[in-house]
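**Q** My structure is below; once you've seen it, I'll send some questions.
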Amino acid sequence: MPALRKYSTAVTRQTLPGHGEYNSLRKKKTTSKMKKLRNHPQANQQENSPKTVNNETDLCSLTDLEFKREIVKILKELREDMNSKADTLRKELENIRRSQEKLEHSFAEMQTELRAVKTRMNNAEERISDMEDRIMEITQSGQQTENQIKKEESNIRDLWDNAKQANLRIIGIPEGVEKDKGMENIFQEIITGNFPNLKDTEFKIQEAQRAPNKLNPNRPTPRHIIIKMAKVSDRERILKAAREKQNVTYKGTPIRLSTDFSTETLQARREWQEIFKVLKGKNMQPRMLYPARISFKIEGQIKIFSNKQKLKEYSNTKPRLKDILKGLL
């Protein structure tokens, strides 16, 4: 550029008429320019301030110094803009880095928590499994204990029933009649009045009493009379005759003769009472079997049931029987 400026000055000096004329012309232009600056201060300020380049034509019309200033200005603006964007980018990267660290920390915590949860779940599953095994053992033990208790109760009931197997239970005799005649005479009147073929048989009675011993005034029915026979065969003959006659009475009052069972056996047999009456009304020849089973005749066959559930399952296969026992099972 200095060489270009020297070349431009030399050319200018050569083209002008003379060096003195050139200086005179330059002084006149300078004086005219100073007057304009005095008259127009704004113009003076614009002259002194760097020019703003708006297009390529303005850039080409700049002097070397103005061009340099413009370039420096542009570079400075670019540097400031780049520094500003670099700062923004650094901040954003720092935020991203911090967010990433937080996410990694949270992820690590989640993994740790998941491992802890998994460990607790495994421990819980092991405890549950142990508890299930224990419950199974207790259940089996409880079932075995329950079965053993039922077995013992059944054995006790059988022993009690065997001890009472010679006893005859008379149901329906009014209270107080035994005071005048005695239990033995009442028993003899029942045999004579209902079973003529047995009236000449000498039945030996070991003991006769009301059961229970104490009279309950709130009891609506009379207490039963228990006759203890000397022979089990005598009791069986009397019960057989009662089944054949069906309607046994004492002085016109209907009574019933039965085996003297234990309280548990009697309760179990009472549960069949309603069903027994209905089957008897349908002439199905029902019978109570020891200890608490019911038998009856249907379609020419004798069927025996130990509980109502089995009878219900069977009745579902027999529409006629199901209709007969409707509401009783």
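Ordering of the structure tokens sets the chain letters (A, B, ...), residue numbers begin anew at 1 in every chain, and ligands are numbered from 1 in the order given.
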May I have the residues within 8 Å of Glu175 (chain A) as an MDAnalysis selection string, using only C-alpha atoms and disregarding those fewer than 3 positions away in the same chain?
**A** chainID A and resid 178 222:223
**Q** Keeping only N, CA, C and O atoms, write the selected residues as a short mmCIF file (atom, residue, chain, number, x, y, z; two decimals), in the first residue's frame.
**A**
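Dumped everything to result36.cif:
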data_model
loop_
_atom_site.label_atom_id
_atom_site.label_comp_id
_atom_site.auth_asym_id
_atom_site.auth_seq_id
_atom_site.Cartn_x
_atom_site.Cartn_y
_atom_site.Cartn_z
N GLU A 178 -95.14 -92.53 86.62
CA GLU A 178 -94.33 -93.58 87.24
C GLU A 178 -94.39 -93.53 88.76
O GLU A 178 -94.00 -94.49 89.42
N PRO A 222 -91.85 -84.39 77.76
CA PRO A 222 -91.48 -85.17 78.95
C PRO A 222 -90.10 -85.80 78.78
O PRO A 222 -89.65 -86.06 77.66
N ARG A 223 -89.46 -86.05 79.91
CA ARG A 223 -88.16 -86.71 79.86
C ARG A 223 -88.31 -88.16 79.41
O ARG A 223 -89.36 -88.78 79.56
#
**Q** Go through A:Ile96, A:Ile156, A:Met288, A:Leu257 and flag the residue nearest Leu168 (chain A), using only C-alpha atoms for the distances.
**A**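 Ranking A:Ile96, A:Ile156, A:Met288, A:Leu257 by distance to Leu168 (chain A), first place goes to A:Leu257.
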**Q** Compile the contact shell of Gly327 (chain A) as an NGL selection string: residues with an atom at most 12 Å away, counting only C-alpha atoms, same-chain residues fewer than 3 positions apart removed.
**A** :A and (274-275 or 278 or 312 or 321-324)
**Q** Per residue of region 249-306 of chain A within 12 Å of region 231-239 of chain A, record the nearest atom pair and its distance in Å to one decimal, counting only C-alpha atoms, with rows in chain order and ascending residue number, as a Markdown table.
**A**
| residue | atom | partner | partner_atom | distance |
| --- | --- | --- | --- | --- |
| A:Arg256 | CA | A:Leu239 | CA | 9.8 |
| A:Leu257 | CA | A:Leu239 | CA | 6.7 |
| A:Ser258 | CA | A:Leu239 | CA | 6.7 |
| A:Thr259 | CA | A:Leu239 | CA | 7.9 |
| A:Asp260 | CA | A:Arg235 | CA | 10.2 |
**Q** For the selection just defined, write its residues with N, CA and C atoms to a file, as a PDB file, in the first residue's frame.
**A**
ATOM      1  N   ARG A 256     -92.625 -93.705  71.429  1.00  0.00           N
ATOM      2  CA  ARG A 256     -91.612 -94.246  70.525  1.00  0.00           C
ATOM      3  C   ARG A 256     -90.553 -94.981  71.327  1.00  0.00           C
ATOM      4  N   LEU A 257     -90.135 -96.153  70.795  1.00  0.00           N
ATOM      5  CA  LEU A 257     -89.087 -96.952  71.416  1.00  0.00           C
ATOM      6  C   LEU A 257     -87.842 -96.891  70.540  1.00  0.00           C
ATOM      7  N   SER A 258     -86.697 -96.706  71.186  1.00  0.00           N
ATOM      8  CA  SER A 258     -85.452 -96.638  70.424  1.00  0.00           C
ATOM      9  C   SER A 258     -84.290 -97.095  71.290  1.00  0.00           C
ATOM     10  N   THR A 259     -83.146 -97.264  70.638  1.00  0.00           N
ATOM     11  CA  THR A 259     -81.928 -97.627  71.354  1.00  0.00           C
ATOM     12  C   THR A 259     -81.438 -96.428  72.157  1.00  0.00           C
ATOM     13  N   ASP A 260     -80.856 -96.674  73.298  1.00  0.00           N
ATOM     14  CA  ASP A 260     -80.318 -95.595  74.129  1.00  0.00           C
ATOM     15  C   ASP A 260     -78.878 -95.319  73.709  1.00  0.00           C
TER      16      ASP A 260
END
**Q** Can you check which parts of region 220-293 of chain A lie within 12 Å of region 184-187 of chain A? Per residue, the shortest pair of atoms and distance in Å to one decimal, counting only C-alpha atoms, sorted by chain and number, as a Markdown table.
**A**
| residue | atom | partner | partner_atom | distance |
| --- | --- | --- | --- | --- |
| A:Ile225 | CA | A:Phe187 | CA | 9.4 |
| A:Ile226 | CA | A:Phe187 | CA | 10.2 |
| A:Ile227 | CA | A:Phe187 | CA | 8.2 |
| A:Lys228 | CA | A:Glu184 | CA | 10.6 |
| A:Met229 | CA | A:Glu184 | CA | 11.0 |
| A:Ile238 | CA | A:Phe187 | CA | 11.0 |
| A:Thr249 | CA | A:Phe187 | CA | 11.6 |
| A:Tyr250 | CA | A:Ile186 | CA | 8.6 |
| A:Lys251 | CA | A:Ile186 | CA | 10.3 |
| A:Ile255 | CA | A:Phe187 | CA | 11.8 |
| A:Leu257 | CA | A:Phe187 | CA | 10.8 |
**Q** Any idea what the distance is between CA of Leu198 (chain A) and CA of Thr221 (chain A)?
**A**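 Interatomic distance here is 28.6 Å.
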**Q** List every residue of region 142-173 of chain A that DSSP, applied to the backbone, labels as strand (DSSP E or B), and write the result as number ranges by chain.
**A** A: 167-171
**Q** Can you write out the residues you just picked, keeping N, CA and C atoms, as a short mmCIF file (atom, residue, chain, number, x, y, z; two decimals), in the first residue's frame?
**A**
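Now in result-v5.cif:
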data_model
loop_
_atom_site.label_atom_id
_atom_site.label_comp_id
_atom_site.auth_asym_id
_atom_site.auth_seq_id
_atom_site.Cartn_x
_atom_site.Cartn_y
_atom_site.Cartn_z
N ASN A 167 -79.67 -100.95 76.66
CA ASN A 167 -80.69 -100.00 77.14
C ASN A 167 -81.77 -99.78 76.08
N LEU A 168 -82.98 -99.55 76.58
CA LEU A 168 -84.12 -99.24 75.73
C LEU A 168 -84.65 -97.87 76.15
N ARG A 169 -84.78 -96.99 75.19
CA ARG A 169 -85.25 -95.63 75.47
C ARG A 169 -86.72 -95.52 75.07
N ILE A 170 -87.55 -95.10 76.04
CA ILE A 170 -88.98 -94.92 75.78
C ILE A 170 -89.27 -93.41 75.78
N ILE A 171 -89.83 -92.93 74.68
CA ILE A 171 -90.03 -91.49 74.48
C ILE A 171 -91.53 -91.19 74.39
#
**Q** Smallest atom-to-atom distance to Ala230 (chain A): which of A:Asn213, A:Arg293, A:Gln165, A:Phe305, using only C-alpha atoms?
**A**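 The answer is A:Gln165, which sits nearest to Ala230 (chain A).
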**Q** Show which residues sit within 12 Å of Pro291 (chain A), as a list in words. Count only C-alpha atoms, and ignore same-chain residues fewer than 4 positions away.
**A**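 Result of the neighbour search: Ser154, Asn155, Arg157, Asp158, Leu159, Trp160, Asp161, Asn162, Gln165, Thr259, Asp260, Phe261, Ser262, Thr263, Glu264, Thr265, Leu266, Gln267, Ala268, Arg269, Arg270, Trp272, Arg287, Phe305, Ser306 and Asn307 of chain A.
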**Q** Kindly indicate which residue among A:Arg243, A:Lys308, A:Lys280, A:Arg134 lies nearest to Ala292 (chain A), using only C-alpha atoms for the distances.
**A**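 Checking each of A:Arg243, A:Lys308, A:Lys280, A:Arg134 against Ala292 (chain A), counting only C-alpha atoms, the winner is A:Lys308.
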**Q** CA of His224 (chain A) to CA of Gly172 (chain A): how many Å, to one decimal?
**A**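 According to the coordinates, CA of His224 (chain A) and CA of Gly172 (chain A) are separated by 6.9 Å.
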